[in-house]
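Chemist: Before I ask anything, let me first share the structure, which is written out below as structure tokens.
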Amino acid sequence: MANPIGIVLYRGPSRLDGSPIVAIATLESSNRKTGDMVQTWILRDDMLPLEAVREGADDAVCGDCPHRRSTGGACYVNVGQAPQSVYRTYARGRYVDMSRDLQGAALVVRGRMVRLGAYGDPLAVPAEVWRALTAHAKGHTGYTHQWRREGADEYRTLVMASCDSPSEHASASLRGWRTFVVLGPDDAPPERTFECLSDAKGTSCEDCGACDGAKAGRVLQAASVWIRVHGALASRFDSAAIASRARRVDLLRVI
Ligand code: SF4
């Protein structure tokens with residue numbers, strides 16, 4: 001096979017709501033924070049990503065993440081750019097469909113760092129897809145806001161629990177997750193956490209690779225990671241409001 005620009009990893013129902021989705025890996029990246037990692041995109045299969053956001057149909061790929069812009073959140077992903085472009089390229093048939101050859105897909109990304117969910121939540125896609133894809137990878141990173149969901153536990157060794165407050169971090173840690181916790185301006189870092197090396201030292205995720213989930217069977221897990229909210233969207237981030245919303249949603253057994 002000539003060098004593909006990207007590969008289709010999965011086409012099928014979303015684990016989050018059953019809607020048709022597609023997972024795609026693109027093989028070149030100019031993302032400065034992550035470095036040159038293989039990027040994976042989790043998109044609705046039946047409409048453009050922006051259309052999904054406009055119609056509130058993005059819960060198929062984002063669940064009820066509190067940061068969805070369709071619900072007034074502050075998600076850092078500009079859906080009109082990379083996700084839209086990846087979907088258009090997919091619709092033109094430019095990616096090689098390897099959804100029935102995940103061992104082959106794993107060979108394509110062998111020795112590379114893989115980012116699970118450059119857009120979309122990895123829990124929308126069956127865990128075995130990610131396990132197969134990363135079987136020969138150098139490492140991977142990934143995050144989920146869906147860690148409270150039933151059936152989420154099998155992803156604990158693949159991705160970090162995304163948390164928006166120290167109390168969410170405590171709750172996820174008790175459930176056996178390593179976390180990536182966003183702290184508000186006045187929040188103290190929780191115990192056994194360290195500051196994201198991208199913020200602290202300018203290290204890329206490709207070189208760091210710390211956000212790879214909890215290790216199966218290990219009693220004492222590696223430390224979790226924190227980052228302080230910043231950037232243009234900081235003013236839209238209210239960790240107390242998000243935490244209280246998350247607690248309400250937790251009562252309904254979703255997120
Ligand atoms: S801790 Fe490392 S892997 Fe995680 S987000 Fe920061 S730089 Fe990336």
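Labeling convention for the structure tokens: chains A, B, ... as they appear, residues from 1 per chain, ligands from 1 in order of appearance.
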Could you give me, as a Markdown table, a per-residue list for region 111-223 of chain A showing, wherever an atom lies at most 8 Å from an atom of region 63-87 of chain A, the closest pair of atoms and their distance in Å to one decimal, using only C-alpha atoms and sorting by chain then residue number from low to high?
Modeler:
| residue | atom | partner | partner_atom | distance |
| --- | --- | --- | --- | --- |
| A:Tyr119 | CA | A:Pro83 | CA | 6.9 |
| A:Asp121 | CA | A:Gly63 | CA | 7.4 |
| A:Ala124 | CA | A:Gly63 | CA | 7.8 |
| A:His145 | CA | A:Cys65 | CA | 5.7 |
| A:Gln146 | CA | A:Gly63 | CA | 6.9 |
Chemist: Generate a file of the selected residues that holds C-alpha atoms, formatted as a short mmCIF file (atom, residue, chain, number, x, y, z; two decimals), in the first residue's frame.
Modeler:
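Full text of result_33.cif as output:
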data_model
loop_
_atom_site.label_atom_id
_atom_site.label_comp_id
_atom_site.auth_asym_id
_atom_site.auth_seq_id
_atom_site.Cartn_x
_atom_site.Cartn_y
_atom_site.Cartn_z
CA TYR A 119 -11.97 15.37 18.26
CA ASP A 121 -14.64 11.02 22.85
CA ALA A 124 -17.86 6.40 21.41
CA HIS A 145 -15.49 13.02 29.87
CA GLN A 146 -17.64 9.88 29.86
#
Chemist: Ile227 (chain A): which residues within 8 Å, counting only C-alpha atoms, same-chain residues fewer than 4 positions away excluded, as a list in words?
Modeler: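 In the requested format, the answer is Phe180, Val181, Val182, Leu183, Glu195, Cys196 and Asp199 of chain A.
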Chemist: Can you work out which one of A:Lys33, A:Ala106, A:Arg92, A:Lys138 has the shortest atom-to-atom distance to ligand 1, counting only C-alpha atoms and all ligand atoms?
Modeler: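 Answer, going by the shortest atom-to-atom distance: A:Lys33.
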Chemist: Going by DSSP on the backbone, which bits of region 163-201 of chain A are strand (DSSP E or B)? Write them as a ChimeraX atom specification, please.
Modeler: /A:163,179-183,193-195
Chemist: Give me, as a VMD selection string, the set of residues whose atoms come within 8 Å of any atom of ligand 1, counting only C-alpha atoms and all ligand atoms.
Modeler: chain A and resid 33 to 34 141 180 194 to 199 202 to 212 225 to 227
Chemist: Would you please work out which residue, of A:Ile24, A:Met98, A:Ile42, A:Cys163, is nearest to Arg178 (chain A) when using only C-alpha atoms?
Modeler: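 Using only C-alpha atoms, Arg178 (chain A) sits closest to A:Cys163.
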Chemist: Which of these, A:Ser99, A:Ser14, A:Asn3, A:Ser173, has the shortest distance to Leu27 (chain A) once you count only C-alpha atoms?
Modeler: A:Asn3
Chemist: Give the answer as one residue: which of A:Ala118, A:Leu102, A:Leu123, A:Ala23 has the shortest atom-to-atom distance to Arg11 (chain A), using only C-alpha atoms?
Modeler: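 Of all the options, A:Ala23 lies closest to Arg11 (chain A).
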Chemist: Determine the nearest neighbour of Glu128 (chain A) from the options A:Val53, A:Leu43, A:Leu107, A:Leu9, counting only C-alpha atoms.
Modeler: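 Among the listed residues, A:Leu9 lies closest to Glu128 (chain A).
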Chemist: Nearest residue to Gly111 (chain A) out of A:Arg94, A:His140, A:Arg149, A:Arg88, using only C-alpha atoms?
Modeler: A:His140
Chemist: Could you please determine the separation between CA of Ala222 (chain A) and CA of Pro122 (chain A) in Å, to one decimal place?
Modeler: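 Result for CA of Ala222 (chain A) versus CA of Pro122 (chain A): 21.0 Å, one decimal.
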Chemist: Output as a PyMOL selection string all residues of region 43-231 of chain A that backbone DSSP marks as alpha helix (DSSP H).
Modeler: chain A and resi 49-54+59-62+82-91+102-108+127-133+166-174+197-201+205-208
Chemist: May I have the residues within 12 Å of Pro13 (chain A) as JSON, numbers by chain, using only C-alpha atoms and disregarding those fewer than 3 positions away in the same chain?
Modeler: {"A": [10, 16, 17, 18, 19, 20, 21, 22, 23, 42, 43, 44, 45, 46, 60, 61, 123, 124, 125, 126]}
